[in-house]
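Asker: Starting off with a structure, shown below.
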Amino acid sequence: NAGVTQTPKFQVLKTGQSMTLQCAQDMNHNSMYWYRQDPGMGLRLIYYSASEGTTDKGEVPNGYNVSRLNKREFSLRLESAAPSQTSVYFCASRGQWAANQNEYFGPGTRLTVT
Amino acid sequence: GNSVTQMEGPVTLSEEAFLTINCTYTATGYPSLFWYVQYPGEGLQLLLKATKADDKGSNKGFEATYRKETTSFHLEKGSVQVSDSAVYFCALLGMIKAAGNKLTFGGGTRVLVKP
């Protein structure tokens with residue numbers, strides 16, 4: 001049981017390049033989330049998916065797109081990277097029922113845009 | 001809307017000292033409350049939680065009590081170790097138990113324990 005996995009762990013992009021961050025969970029969770037964490041700031045929600053086939057914007061969705069490929073996988077795409085997107089990105093998932101409200105986080109992807 | 005306010009860090013203390021991190025919240029009804037911990041270079045992991053008023057969550061020597069009357073969920077540990085050095089996040093999950101219900105995080109408090 002690997003929990004939440006993310007790839008890659010580190011990435012350096014030039015301004016204008018695109019990339020996709022991958023996330024997968026093996027806990028059969030319905031809900032999945034993408035956050036960014038900037039130095040000195042807490043987590044900010046980018047996008048989330050309440051269930052397979054649905055996605056919704058969070059606080060800071062501009063410059064990003066997401067795909068809920070299936071129940072396990074939720075990817076985040078940067079179409080044209082900008083230096084302001086330099087951050088650490090975390091994927092998370094949560095079960096549906098009240099007894100399992102814990103949100104489980106992946107190890108993060110550290111992205112630098114030059 | 002929901003919000004969480006926690007004390008700003010960094011908090012620096014010596015090993016075996018007492019730690020308190022204050023957390024207050026604004027939400028309607030009876031949210032669930034959480035403390036997450038982030039060790040250097042890692043993702044967040046759940047430290048403890050409480051789902052109703054007067055519940056006490058505890059784990060690894062840390063405790064927090066859900067106080068509805070003061071809308072608080074302060075984190076405490078009686079004797080910290082160097083290994084407790086981390087960033088601590090207070091969070092709440094609103095009453096609506098919908099699948100899309102989102103956590104609201106505080107800004108995080110960095111704790112540094114010196115030997």
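Chain lettering (A, B, ...) mirrors the order of the structure tokens, residue numbering begins at 1 for each chain separately, and ligand numbering begins at 1 in order of display.
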Just need the residues of chain A within 12 Å of chain B, counting only C-alpha atoms, so spit them out as a ChimeraX atom specification.

Answerer: /A:3-6,9-10,29-52,54-59,88-110

Asker: Which neighbours of Lys114 of chain B fall inside 8 Å, counting only C-alpha atoms, when residues of the same chain fewer than 4 positions from it are skipped, and could you give them as an MDAnalysis selection string?

Answerer: chainID B and resid 12:15 82

Asker: Name all residues at most 9 Å from segment 18-21 of chain B (count only C-alpha atoms; drop same-chain ones fewer than 6 positions away) and give them as a list of chain:residue names.

Answerer: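 Listing them by chain and then by number gives B:Gln6, B:Met7, B:Glu8, B:Val11, B:His74, B:Leu75, B:Glu76, B:Lys77, B:Gly78, B:Ser79, B:Val80, B:Tyr88, B:Thr109.
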
Asker: Could you check which of A:Leu13, A:Ala81, A:Ala2, A:Cys23 is closest to Ser67 of chain A, using only C-alpha atoms?

Answerer: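 Result for the nearest residue to Ser67 of chain A: A:Cys23.
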
Asker: Please indicate the distance in Å from atom CA of Thr15 of chain A to atom CA of Thr114 of chain A, rounded to one decimal place.

Answerer: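 Interatomic distance here is 5.9 Å.
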
Asker: Using only C-alpha atoms for the distances, tell me which of B:Glu63, B:Asp54, B:Glu69, B:Asp84 is nearest to Val37 of chain B.

Answerer: B:Asp84

Asker: List every residue of chain A that DSSP, applied to the backbone, labels as helix (DSSP H, G or I), and write the result as a list in words.

Answerer: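 Taking chain A and keeping helix (DSSP H, G or I) gives Pro83, Ser84, Gln85, Ala98, Ala99 and Asn100 of chain A.
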
Asker: As a ChimeraX atom specification, list the residues of chain A assigned to strand (DSSP E or B) by DSSP on the backbone atoms of this structure.

Answerer: /A:4-7,10-13,19-25,31-37,43-49,56-57,64-68,73-78,87-94,103-105,109-113

Asker: As an exercise, work out the distance from atom CA of Thr86 of chain A to atom CA of Glu73 of chain A in Å and give it to one decimal place.

Answerer: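 Atom CA of Thr86 of chain A sits 23.0 Å away from atom CA of Glu73 of chain A.
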